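Pasting work.cif here (mmCIF, C-alpha atoms (C1' of nucleotides)):
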data_coords
loop_
_atom_site.label_atom_id
_atom_site.label_comp_id
_atom_site.auth_asym_id
_atom_site.auth_seq_id
_atom_site.Cartn_x
_atom_site.Cartn_y
_atom_site.Cartn_z
CA MET A 6 45.47 -55.58 -3.72
CA THR A 7 43.99 -58.74 -5.14
CA GLY A 8 46.86 -58.33 -7.43
CA SER A 9 47.68 -59.33 -10.95
CA THR A 10 51.35 -59.18 -10.00
CA GLY A 11 51.92 -62.88 -10.32
CA GLU A 12 50.53 -63.62 -6.88
CA ARG A 13 47.94 -66.26 -7.44
CA GLN A 14 45.04 -66.10 -5.05
CA ARG A 15 44.25 -69.55 -3.77
CA VAL A 16 40.53 -70.10 -3.70
CA LEU A 17 40.21 -73.82 -3.27
CA PRO A 18 41.55 -76.01 -0.48
CA THR A 19 44.51 -78.25 -1.21
CA ALA A 20 44.01 -82.01 -1.09
CA GLU A 21 45.56 -82.07 2.35
CA GLU A 22 43.37 -79.27 3.65
CA LEU A 23 40.34 -81.05 2.31
CA ARG A 24 41.36 -84.25 4.03
CA VAL A 25 41.68 -82.44 7.35
CA TRP A 26 38.29 -80.85 6.83
CA ARG A 27 36.67 -84.20 6.17
CA ASP A 28 38.35 -85.84 9.12
CA PHE A 29 37.26 -83.00 11.31
CA ILE A 30 33.65 -82.94 10.30
CA GLU A 31 33.30 -86.70 10.26
CA THR A 32 34.85 -86.98 13.68
CA ALA A 33 32.51 -84.39 15.08
CA GLU A 34 29.61 -86.23 13.50
CA ALA A 35 30.77 -89.57 14.91
CA LEU A 36 31.04 -88.04 18.36
CA ARG A 37 27.59 -86.56 18.13
CA SER A 38 26.16 -89.84 17.02
CA ARG A 39 27.88 -91.81 19.77
CA LEU A 40 26.71 -89.41 22.44
CA THR A 41 23.20 -89.56 21.04
CA SER A 42 22.99 -93.30 21.22
CA ARG A 43 24.38 -93.37 24.76
CA LEU A 44 21.79 -90.81 25.80
CA GLN A 45 19.09 -92.75 24.05
CA SER A 46 19.95 -96.09 25.61
CA GLU A 47 20.59 -94.72 29.09
CA SER A 48 17.62 -92.42 29.35
CA ALA A 49 15.28 -92.61 26.35
CA LEU A 50 15.92 -88.94 25.64
CA SER A 51 17.18 -87.34 22.44
CA PRO A 52 19.76 -84.56 22.56
CA GLY A 53 16.94 -82.18 21.72
CA ASP A 54 14.88 -83.41 24.64
CA TYR A 55 17.91 -83.07 26.88
CA GLY A 56 18.57 -79.49 25.84
CA VAL A 57 14.98 -78.45 26.37
CA LEU A 58 14.80 -80.14 29.76
CA LEU A 59 18.10 -78.59 30.80
CA ALA A 60 16.93 -75.10 29.92
CA LEU A 61 13.64 -75.60 31.75
CA SER A 62 15.39 -77.09 34.78
CA GLU A 63 17.51 -73.99 35.11
CA ALA A 64 14.62 -71.60 34.52
CA ASP A 65 12.73 -69.73 37.20
CA GLY A 66 9.76 -71.80 38.26
CA HIS A 67 10.69 -74.42 35.72
CA ARG A 68 8.87 -72.47 33.05
CA LEU A 69 9.80 -70.32 30.06
CA ARG A 70 8.12 -68.42 27.31
CA SER A 71 8.38 -70.40 24.13
CA SER A 72 10.42 -67.75 22.38
CA GLU A 73 12.85 -67.38 25.27
CA LEU A 74 13.38 -71.09 25.29
CA ALA A 75 14.03 -71.05 21.57
CA ALA A 76 16.55 -68.25 21.94
CA GLY A 77 18.17 -69.95 24.90
CA ILE A 78 18.95 -73.12 23.06
CA GLY A 79 19.41 -71.48 19.68
CA TRP A 80 16.56 -73.13 17.83
CA GLU A 81 14.18 -71.82 15.22
CA ARG A 82 10.70 -71.41 16.48
CA SER A 83 9.05 -73.92 14.26
CA ARG A 84 11.57 -76.53 15.22
CA LEU A 85 10.86 -75.92 18.87
CA SER A 86 7.14 -76.00 18.27
CA HIS A 87 7.30 -79.39 16.62
CA HIS A 88 9.62 -80.73 19.26
CA LEU A 89 7.48 -79.47 22.13
CA ALA A 90 4.45 -81.12 20.60
CA ARG A 91 6.27 -84.46 20.70
CA MET A 92 7.55 -83.88 24.22
CA GLU A 93 4.12 -82.88 25.41
CA ARG A 94 2.68 -86.09 24.00
CA ARG A 95 5.20 -87.97 26.10
CA GLY A 96 4.36 -85.98 29.22
CA LEU A 97 7.79 -84.35 29.59
CA ILE A 98 6.49 -80.79 29.37
CA ARG A 99 3.17 -78.97 29.34
CA ARG A 100 2.14 -75.85 27.45
CA GLU A 101 0.06 -73.18 29.14
CA ASN A 102 -1.32 -69.91 27.90
CA CYS A 103 0.67 -66.89 28.90
CA THR A 104 -1.22 -64.57 31.25
CA THR A 105 0.45 -61.36 30.11
CA ASP A 106 0.26 -61.94 26.37
CA SER A 107 -2.47 -64.16 25.09
CA ARG A 108 -0.58 -64.89 21.90
CA GLY A 109 2.24 -66.36 23.90
CA ALA A 110 2.75 -69.81 25.36
CA GLU A 111 4.58 -70.85 28.45
CA VAL A 112 6.41 -74.12 28.49
CA VAL A 113 6.36 -75.85 31.85
CA LEU A 114 8.51 -78.71 33.06
CA THR A 115 6.39 -81.57 34.40
CA ALA A 116 7.39 -83.79 37.31
CA GLU A 117 8.00 -86.56 34.82
CA GLY A 118 10.20 -84.30 32.72
CA ALA A 119 12.21 -83.19 35.74
CA GLU A 120 12.72 -86.80 36.77
CA ALA A 121 13.75 -87.84 33.26
CA PHE A 122 16.28 -85.05 33.15
CA ARG A 123 17.61 -85.88 36.60
CA SER A 124 18.27 -89.48 35.76
CA ALA A 125 19.73 -88.68 32.33
CA SER A 126 22.09 -86.03 33.54
CA ILE A 127 24.85 -87.97 35.30
CA PRO A 128 25.18 -90.70 32.66
CA HIS A 129 25.25 -88.08 29.95
CA LEU A 130 27.97 -86.06 31.61
CA ARG A 131 29.93 -89.24 32.18
CA ALA A 132 29.65 -90.02 28.49
CA VAL A 133 30.94 -86.56 27.57
CA ARG A 134 33.91 -87.16 29.80
CA GLU A 135 34.62 -90.63 28.46
CA LEU A 136 34.20 -89.87 24.78
CA PHE A 137 35.58 -86.36 24.56
CA ILE A 138 37.51 -85.12 27.56
CA ASP A 139 39.36 -88.36 28.21
CA ALA A 140 40.47 -88.55 24.58
CA LEU A 141 42.45 -85.33 24.82
CA THR A 142 45.31 -83.96 26.84
CA PRO A 143 44.66 -80.77 28.81
CA GLN A 144 46.77 -78.93 26.26
CA GLN A 145 44.70 -80.28 23.43
CA LEU A 146 41.54 -79.27 25.22
CA THR A 147 42.84 -75.73 25.48
CA VAL A 148 43.62 -75.71 21.80
CA VAL A 149 40.21 -77.06 20.93
CA ASP A 150 38.75 -74.15 22.79
CA GLU A 151 40.86 -71.66 20.83
CA ILE A 152 40.05 -73.29 17.55
CA ALA A 153 36.34 -73.34 18.21
CA ALA A 154 36.52 -69.69 19.10
CA ALA A 155 38.43 -68.87 15.91
CA LEU A 156 35.97 -70.78 13.75
CA ARG A 157 33.04 -69.15 15.40
CA ALA A 158 34.50 -65.67 15.11
CA HIS A 159 35.11 -66.31 11.44
CA LEU A 160 31.57 -67.59 10.92
CA ASP A 161 30.11 -64.54 12.60
CA ALA A 162 32.31 -62.15 10.68
CA PRO A 163 30.79 -60.15 7.82
CA ARG A 164 31.03 -61.88 4.48
CA GLY A 165 33.10 -59.72 2.16
CA LEU A 166 36.03 -58.96 4.41
CA MET B 27 45.37 -100.20 39.87
CA THR B 28 42.23 -98.09 39.95
CA GLY B 29 43.36 -97.46 43.44
CA SER B 30 41.62 -96.87 46.71
CA THR B 31 44.70 -95.03 47.93
CA GLY B 32 43.05 -91.66 48.26
CA GLU B 33 43.18 -90.92 44.55
CA ARG B 34 39.70 -89.85 43.63
CA GLN B 35 38.67 -90.91 40.18
CA ARG B 36 36.98 -88.06 38.35
CA VAL B 37 34.03 -89.28 36.41
CA LEU B 38 32.26 -86.10 35.40
CA PRO B 39 33.60 -83.16 33.40
CA THR B 40 34.33 -79.92 35.20
CA ALA B 41 32.26 -76.87 34.33
CA GLU B 42 35.10 -75.61 32.16
CA GLU B 43 35.46 -78.91 30.34
CA LEU B 44 31.76 -78.98 29.71
CA ARG B 45 31.86 -75.47 28.31
CA VAL B 46 34.62 -76.44 25.90
CA TRP B 47 32.63 -79.49 24.84
CA ARG B 48 29.54 -77.42 24.14
CA ASP B 49 31.48 -74.79 22.25
CA PHE B 50 33.15 -77.48 20.22
CA ILE B 51 30.04 -79.38 19.26
CA GLU B 52 28.00 -76.27 18.61
CA THR B 53 30.69 -74.81 16.43
CA ALA B 54 30.94 -77.99 14.40
CA GLU B 55 27.19 -77.95 14.03
CA ALA B 56 27.15 -74.31 12.99
CA LEU B 57 29.82 -75.03 10.38
CA ARG B 58 27.91 -77.98 9.05
CA SER B 59 24.76 -75.96 8.83
CA ARG B 60 26.46 -73.07 7.06
CA LEU B 61 28.10 -75.34 4.53
CA THR B 62 24.78 -77.06 3.95
CA SER B 63 22.96 -73.87 3.16
CA ARG B 64 25.71 -72.67 0.83
CA LEU B 65 25.58 -75.98 -0.99
CA GLN B 66 21.82 -75.80 -1.13
CA SER B 67 21.65 -72.29 -2.50
CA GLU B 68 24.50 -72.70 -4.94
CA SER B 69 23.56 -76.08 -6.35
CA ALA B 70 20.28 -77.43 -4.99
CA LEU B 71 22.14 -80.41 -3.55
CA SER B 72 22.19 -81.65 0.03
CA PRO B 73 25.44 -82.83 1.62
CA GLY B 74 24.10 -86.35 1.26
CA ASP B 75 23.51 -85.85 -2.45
CA TYR B 76 26.98 -84.41 -2.77
CA GLY B 77 28.63 -87.35 -1.06
CA VAL B 78 26.79 -89.87 -3.18
CA LEU B 79 27.58 -88.03 -6.39
CA LEU B 80 31.22 -87.66 -5.39
CA ALA B 81 31.59 -91.38 -4.76
CA LEU B 82 29.90 -92.24 -8.05
CA SER B 83 31.97 -89.70 -9.96
CA GLU B 84 35.14 -91.36 -8.75
CA ALA B 85 33.87 -94.88 -9.38
CA ASP B 86 34.77 -97.02 -12.35
CA GLY B 87 32.16 -96.50 -15.03
CA HIS B 88 30.32 -94.10 -12.76
CA ARG B 89 28.58 -97.04 -11.13
CA LEU B 90 28.77 -98.88 -7.81
CA ARG B 91 27.05 -101.72 -6.08
CA SER B 92 24.71 -100.31 -3.50
CA SER B 93 26.56 -101.91 -0.61
CA GLU B 94 29.95 -100.67 -1.80
CA LEU B 95 28.58 -97.20 -2.06
CA ALA B 96 27.18 -97.44 1.45
CA ALA B 97 30.53 -98.65 2.78
CA GLY B 98 32.40 -95.97 0.84
CA ILE B 99 30.51 -93.09 2.38
CA GLY B 100 29.92 -94.79 5.72
CA TRP B 101 26.16 -94.95 5.62
CA GLU B 102 23.72 -97.57 6.83
CA ARG B 103 22.06 -99.39 4.05
CA SER B 104 18.55 -98.32 4.76
CA ARG B 105 19.62 -94.71 4.87
CA LEU B 106 21.23 -95.06 1.49
CA SER B 107 18.22 -96.84 0.09
CA HIS B 108 15.89 -94.05 1.12
CA HIS B 109 18.25 -91.42 -0.14
CA LEU B 110 18.76 -93.12 -3.48
CA ALA B 111 15.02 -93.32 -3.93
CA ARG B 112 14.80 -89.56 -3.57
CA MET B 113 17.78 -88.96 -5.83
CA GLU B 114 16.36 -91.29 -8.45
CA ARG B 115 13.10 -89.38 -8.41
CA ARG B 116 15.10 -86.26 -9.18
CA GLY B 117 17.00 -87.95 -11.98
CA LEU B 118 20.43 -87.69 -10.36
CA ILE B 119 21.07 -91.43 -10.33
CA ARG B 120 19.52 -94.59 -11.73
CA ARG B 121 19.32 -98.05 -10.22
CA GLU B 122 19.91 -101.11 -12.35
CA ASN B 123 19.82 -104.79 -11.58
CA CYS B 124 23.21 -106.34 -11.00
CA THR B 125 24.11 -108.91 -13.64
CA THR B 126 26.26 -111.09 -11.40
CA ASP B 127 23.96 -111.17 -8.37
CA SER B 128 20.29 -110.69 -8.97
CA ARG B 129 19.70 -109.61 -5.40
CA GLY B 130 22.06 -106.74 -5.88
CA ALA B 131 21.53 -103.29 -7.30
CA GLU B 132 23.94 -101.09 -9.16
CA VAL B 133 23.74 -97.38 -8.71
CA VAL B 134 24.58 -95.45 -11.84
CA LEU B 135 25.38 -91.78 -12.19
CA THR B 136 23.16 -90.12 -14.78
CA ALA B 137 24.30 -87.31 -17.06
CA GLU B 138 22.17 -84.96 -15.03
CA GLY B 139 23.77 -86.19 -11.83
CA ALA B 140 27.26 -85.77 -13.22
CA GLU B 141 26.45 -82.24 -14.35
CA ALA B 142 24.91 -81.35 -10.99
CA PHE B 143 28.03 -82.59 -9.23
CA ARG B 144 30.32 -80.76 -11.61
CA SER B 145 28.68 -77.44 -11.07
CA ALA B 146 28.37 -77.92 -7.31
CA SER B 147 31.94 -78.94 -6.78
CA ILE B 148 33.91 -75.72 -7.16
CA PRO B 149 31.54 -73.54 -5.13
CA HIS B 150 31.44 -76.16 -2.42
CA LEU B 151 35.21 -76.39 -2.19
CA ARG B 152 35.41 -72.64 -2.13
CA ALA B 153 32.98 -72.59 0.77
CA VAL B 154 35.08 -75.12 2.67
CA ARG B 155 38.07 -72.89 2.19
CA GLU B 156 36.27 -69.71 3.20
CA LEU B 157 34.47 -71.08 6.24
CA PHE B 158 37.02 -73.51 7.61
CA ILE B 159 40.52 -73.28 6.18
CA ASP B 160 40.65 -69.50 6.12
CA ALA B 161 39.54 -69.29 9.73
CA LEU B 162 42.61 -71.14 10.98
CA THR B 163 46.34 -70.69 10.89
CA PRO B 164 48.37 -73.48 9.31
CA GLN B 165 49.49 -74.47 12.80
CA GLN B 166 45.93 -74.66 14.00
CA LEU B 167 45.02 -76.78 11.03
CA THR B 168 47.76 -79.22 11.95
CA VAL B 169 46.49 -79.38 15.49
CA VAL B 170 42.93 -79.92 14.31
CA ASP B 171 44.20 -82.89 12.40
CA GLU B 172 45.91 -84.34 15.47
CA ILE B 173 42.89 -83.75 17.65
CA ALA B 174 40.51 -85.36 15.19
CA ALA B 175 42.83 -88.34 15.04
CA ALA B 176 42.99 -88.59 18.83
CA LEU B 177 39.22 -88.39 19.17
CA ARG B 178 38.70 -90.96 16.50
CA ALA B 179 41.24 -93.34 17.96
CA HIS B 180 39.56 -93.02 21.31
CA LEU B 181 36.12 -93.63 19.80
CA ASP B 182 37.35 -96.73 18.06
CA ALA B 183 39.10 -98.04 21.13
CA PRO B 184 37.50 -100.86 23.11
CA ARG B 185 35.26 -99.65 25.87
CA GLY B 186 36.67 -100.89 29.16
CA LEU B 187 40.29 -99.88 28.77
"C1'" DA C 10 15.91 -131.52 -5.54
"C1'" DC C 11 15.14 -129.53 -0.91
"C1'" DC C 12 15.71 -126.86 2.93
"C1'" DA C 13 17.93 -123.99 6.41
"C1'" DT C 14 20.53 -120.08 6.75
"C1'" DG C 15 22.82 -115.90 5.27
"C1'" DT C 16 23.14 -111.71 2.54
"C1'" DG C 17 21.71 -107.49 -0.46
"C1'" DA C 18 18.46 -104.37 -0.53
"C1'" DT C 19 13.97 -102.27 0.22
"C1'" DT C 20 10.09 -100.93 3.06
"C1'" DG C 21 7.21 -98.90 6.79
"C1'" DA C 22 6.80 -96.49 10.87
"C1'" DC C 23 8.26 -92.94 13.09
"C1'" DA C 24 11.65 -89.04 15.01
"C1'" DT C 25 13.75 -85.00 13.62
"C1'" DG C 26 14.70 -80.68 10.72
"C1'" DT C 27 13.68 -76.79 7.41
"C1'" DC C 28 10.84 -73.68 4.95
"C1'" DA C 29 6.87 -71.14 3.76
"C1'" DA C 30 2.20 -70.19 4.98
"C1'" DT C 31 -1.01 -69.26 8.37
"C1'" DC C 32 -3.39 -67.70 12.43
"C1'" DA C 33 -4.31 -65.02 16.40
"C1'" DG C 34 -3.59 -61.34 19.14
"C1'" DG C 35 -0.96 -56.83 20.24
"C1'" DA C 36 0.13 -51.86 19.01
"C1'" DG C 37 -0.08 -47.55 16.77
"C1'" DG C 38 -2.07 -44.03 13.62
"C1'" DG C 39 -6.08 -42.09 11.49
"C1'" DC D 14 -13.34 -47.59 16.38
"C1'" DC D 15 -10.90 -49.44 12.37
"C1'" DC D 16 -7.24 -50.58 9.66
"C1'" DT D 17 -2.63 -51.87 8.95
"C1'" DC D 18 1.39 -53.80 10.37
"C1'" DC D 19 4.21 -56.49 13.61
"C1'" DT D 20 5.00 -60.42 16.50
"C1'" DG D 21 4.40 -65.14 18.93
"C1'" DA D 22 3.44 -69.40 17.81
"C1'" DT D 23 1.57 -73.22 15.21
"C1'" DT D 24 0.85 -75.88 11.03
"C1'" DG D 25 1.62 -78.52 6.71
"C1'" DA D 26 4.52 -80.26 3.37
"C1'" DC D 27 8.37 -82.33 2.71
"C1'" DA D 28 13.63 -83.83 3.34
"C1'" DT D 29 16.36 -86.53 6.16
"C1'" DG D 30 17.64 -90.24 9.70
"C1'" DT D 31 17.07 -94.59 12.53
"C1'" DC D 32 15.26 -99.01 13.60
"C1'" DA D 33 13.03 -103.26 12.91
"C1'" DA D 34 10.72 -106.14 9.63
"C1'" DT D 35 10.53 -107.97 5.23
"C1'" DC D 36 11.61 -109.80 0.60
"C1'" DA D 37 14.17 -112.02 -2.80
"C1'" DC D 38 17.75 -114.44 -4.02
"C1'" DA D 39 22.32 -117.04 -3.11
"C1'" DT D 40 24.63 -120.79 -0.87
"C1'" DG D 41 25.84 -124.92 1.33
"C1'" DG D 42 24.63 -129.30 3.31
"C1'" DT D 43 21.96 -133.39 2.78
#
Can you turn what I pasted into structure tokens?
Amino acid sequence: MTGSTGERQRVLPTAEELRVWRDFIETAEALRSRLTSRLQSESALSPGDYGVLLALSEADGHRLRSSELAAGIGWERSRLSHHLARMERRGLIRRENCTTDSRGAEVVLTAEGAEAFRSASIPHLRAVRELFIDALTPQQLTVVDEIAAALRAHLDAPRGL
Amino acid sequence: MTGSTGERQRVLPTAEELRVWRDFIETAEALRSRLTSRLQSESALSPGDYGVLLALSEADGHRLRSSELAAGIGWERSRLSHHLARMERRGLIRRENCTTDSRGAEVVLTAEGAEAFRSASIPHLRAVRELFIDALTPQQLTVVDEIAAALRAHLDAPRGL
DNA sequence: ACCATGTGATTGACATGTCAATCAGGAGGG
DNA sequence: CCCTCCTGATTGACATGTCAATCACATGGT
């Protein structure tokens, strides 16, 4: 089917498609960066910190096995390990040995960590509203959802076909 | 106008809005990460390298003042400076003293750098097409463009109003 | 000429991210 | 029991990013 019958198979994006791609990815990056600096200035937390604290806040007993936490927020293990070391230094979390598997570690939310998350949460959500939600019409928001789903489905699809 | 007449002002996103936000930002991040690893495996360049080489390739005489380069790709100066140091170590670019302003530096594309960019370019564009353009209908692509524009306009808008 | 001030660029310290190597403890087969 | 293999997690080396401090030179006023 990838025919020689005069139907040229386009492999590269057109100039216009490329422009849209760049606008898209740069806009997403600008948004991320703006949200990060709001979070930073309003709460002294990084997005990584916030994600970890969120997951722990929602967890049973405010504690999670390291690997579950990693899976929950979609991080590689080594990344999490490094990040937890930094957060532990700052007193936001604590690591304990797992009772059922002595290889394992349990990550525990400290009082300080819970408090940091509590006071970061509202301002952060407000920032999401101001910078993202408020910029779009409800229709656009719906379309964003569809587009994200399409992109994700395509990313997850097998390579050749 | 921000009335007290029973019209509650919503400040936080709804659960659904927050979900769309997370899907959006995570999808953009996943795309970025996928493109990065394709670029890496196909050409041993990072996206930063690619952007720098692209700008230099398009520049007159394959050379740019450091600050113009920074402005062109939208980077902070110190970021560029660090990155150029790494690229210079790898032989992709060279830094020369500027003849008209001895504070200044000129960044020059080396033959190696030009070749690296040349061979990275087609595979990278193909990846953009496969991972982004091909995932969307032409209509969706148009809408993406509008949405990126709306988000960007909102980001650039003054804060209070 | 001299000095205050501004500008171009680099530097150092540190946060964050990836990758490969390592380490320690389970789990199963002989 | 012992050996091999698997798995949970950490570590080290290094790339990348931000911020504040610094350095060197240009510039303009006196």
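The least-squares superposition of chain B onto chain A, using every Cα atom in order, ends with an RMSD of 0.2 Å.
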I'd like to see the residues matched by the PyMOL selection byres ((chain B and resi 124-132) around 10) on this file, and ideally I'd get them as an MDAnalysis selection string. (chainID B and resid 89:95 120:123 133:135) or (chainID C and resid 16:18) or (chainID D and resid 37:39)
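With distances restricted to all atoms listed in the file, D:DA22 is the closest residue to Ala75 (chain A) from D:DA22, D:DA28, D:DC36, D:DC16.
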Output of the PyMOL selection byres ((chain A and resi 151) around 12), listed as a VMD selection string: (chain A and resid 144 to 150 152 to 158) or (chain B and resid 46 49 to 50 53 161 to 163 166 to 167 169 to 170)
Can I get the selected residues back with C-alpha atoms, as a PDB file, in the coordinates of the input?
ATOM      1  CA  GLN A 144      46.770 -78.930  26.260  1.00  0.00           C
ATOM      2  CA  GLN A 145      44.700 -80.280  23.430  1.00  0.00           C
ATOM      3  CA  LEU A 146      41.540 -79.270  25.220  1.00  0.00           C
ATOM      4  CA  THR A 147      42.840 -75.730  25.480  1.00  0.00           C
ATOM      5  CA  VAL A 148      43.620 -75.710  21.800  1.00  0.00           C
ATOM      6  CA  VAL A 149      40.210 -77.060  20.930  1.00  0.00           C
ATOM      7  CA  ASP A 150      38.750 -74.150  22.790  1.00  0.00           C
ATOM      8  CA  ILE A 152      40.050 -73.290  17.550  1.00  0.00           C
ATOM      9  CA  ALA A 153      36.340 -73.340  18.210  1.00  0.00           C
ATOM     10  CA  ALA A 154      36.520 -69.690  19.100  1.00  0.00           C
ATOM     11  CA  ALA A 155      38.430 -68.870  15.910  1.00  0.00           C
ATOM     12  CA  LEU A 156      35.970 -70.780  13.750  1.00  0.00           C
ATOM     13  CA  ARG A 157      33.040 -69.150  15.400  1.00  0.00           C
ATOM     14  CA  ALA A 158      34.500 -65.670  15.110  1.00  0.00           C
TER      15      ALA A 158
ATOM     16  CA  VAL B  46      34.620 -76.440  25.900  1.00  0.00           C
ATOM     17  CA  ASP B  49      31.480 -74.790  22.250  1.00  0.00           C
ATOM     18  CA  PHE B  50      33.150 -77.480  20.220  1.00  0.00           C
ATOM     19  CA  THR B  53      30.690 -74.810  16.430  1.00  0.00           C
ATOM     20  CA  ALA B 161      39.540 -69.290   9.730  1.00  0.00           C
ATOM     21  CA  LEU B 162      42.610 -71.140  10.980  1.00  0.00           C
ATOM     22  CA  THR B 163      46.340 -70.690  10.890  1.00  0.00           C
ATOM     23  CA  GLN B 166      45.930 -74.660  14.000  1.00  0.00           C
ATOM     24  CA  LEU B 167      45.020 -76.780  11.030  1.00  0.00           C
ATOM     25  CA  VAL B 169      46.490 -79.380  15.490  1.00  0.00           C
ATOM     26  CA  VAL B 170      42.930 -79.920  14.310  1.00  0.00           C
TER      27      VAL B 170
END
With the PyMOL selection byres ((chain D) within 9 of (chain A)) as the selection, what would be picked from this file? Answer as a list in words, please.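 That expression, the PyMOL selection byres ((chain D) within 9 of (chain A)), corresponds here to DT20, DG21, DA22 and DT23 of chain D.
CA of Gly98 (chain B) lies 14.6 Å from CA of Leu110 (chain B).
Ranking D:DC14, D:DC32, D:DC19, D:DC27 by their shortest atom-to-atom distance to DT20 (chain C), with only C-alpha atoms (C1' of nucleotides) included, puts D:DC32 first.
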Among the residues A:Gly66, A:His88, A:Ser48, A:Trp80, the one that comes closest to chain B [using only C-alpha atoms]: A:Trp80
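In this structure, CA of Ile127 (chain A) sits 26.3 Å away from CA of Ala56 (chain B).
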Distance CA of His150 (chain B)-CA of Leu160 (chain A), one decimal place?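 Between CA of His150 (chain B) and CA of Leu160 (chain A) the gap works out to 15.9 Å.
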Env of Phe122 (chain A): 7 Å cut, atoms = all atoms listed in the file, seq-sep filter 4 positions within chain, self excluded. Answer as an mmCIF file with C-alpha atoms, in the coordinates of the input.
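Written output follows (selection_32.cif):
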data_model
loop_
_atom_site.group_PDB
_atom_site.id
_atom_site.type_symbol
_atom_site.label_atom_id
_atom_site.label_comp_id
_atom_site.auth_asym_id
_atom_site.auth_seq_id
_atom_site.Cartn_x
_atom_site.Cartn_y
_atom_site.Cartn_z
ATOM 1 C CA TYR A 55 17.910 -83.070 26.880
ATOM 2 C CA LEU A 58 14.800 -80.140 29.760
ATOM 3 C CA GLY A 118 10.200 -84.300 32.720
ATOM 4 C CA SER A 126 22.090 -86.030 33.540
#
Can you check which residues of chain C have any atom within 12 Å of chain A? Use only C-alpha atoms (C1' of nucleotides) and format it as a PyMOL selection string. chain C and resi 23-29+32-35
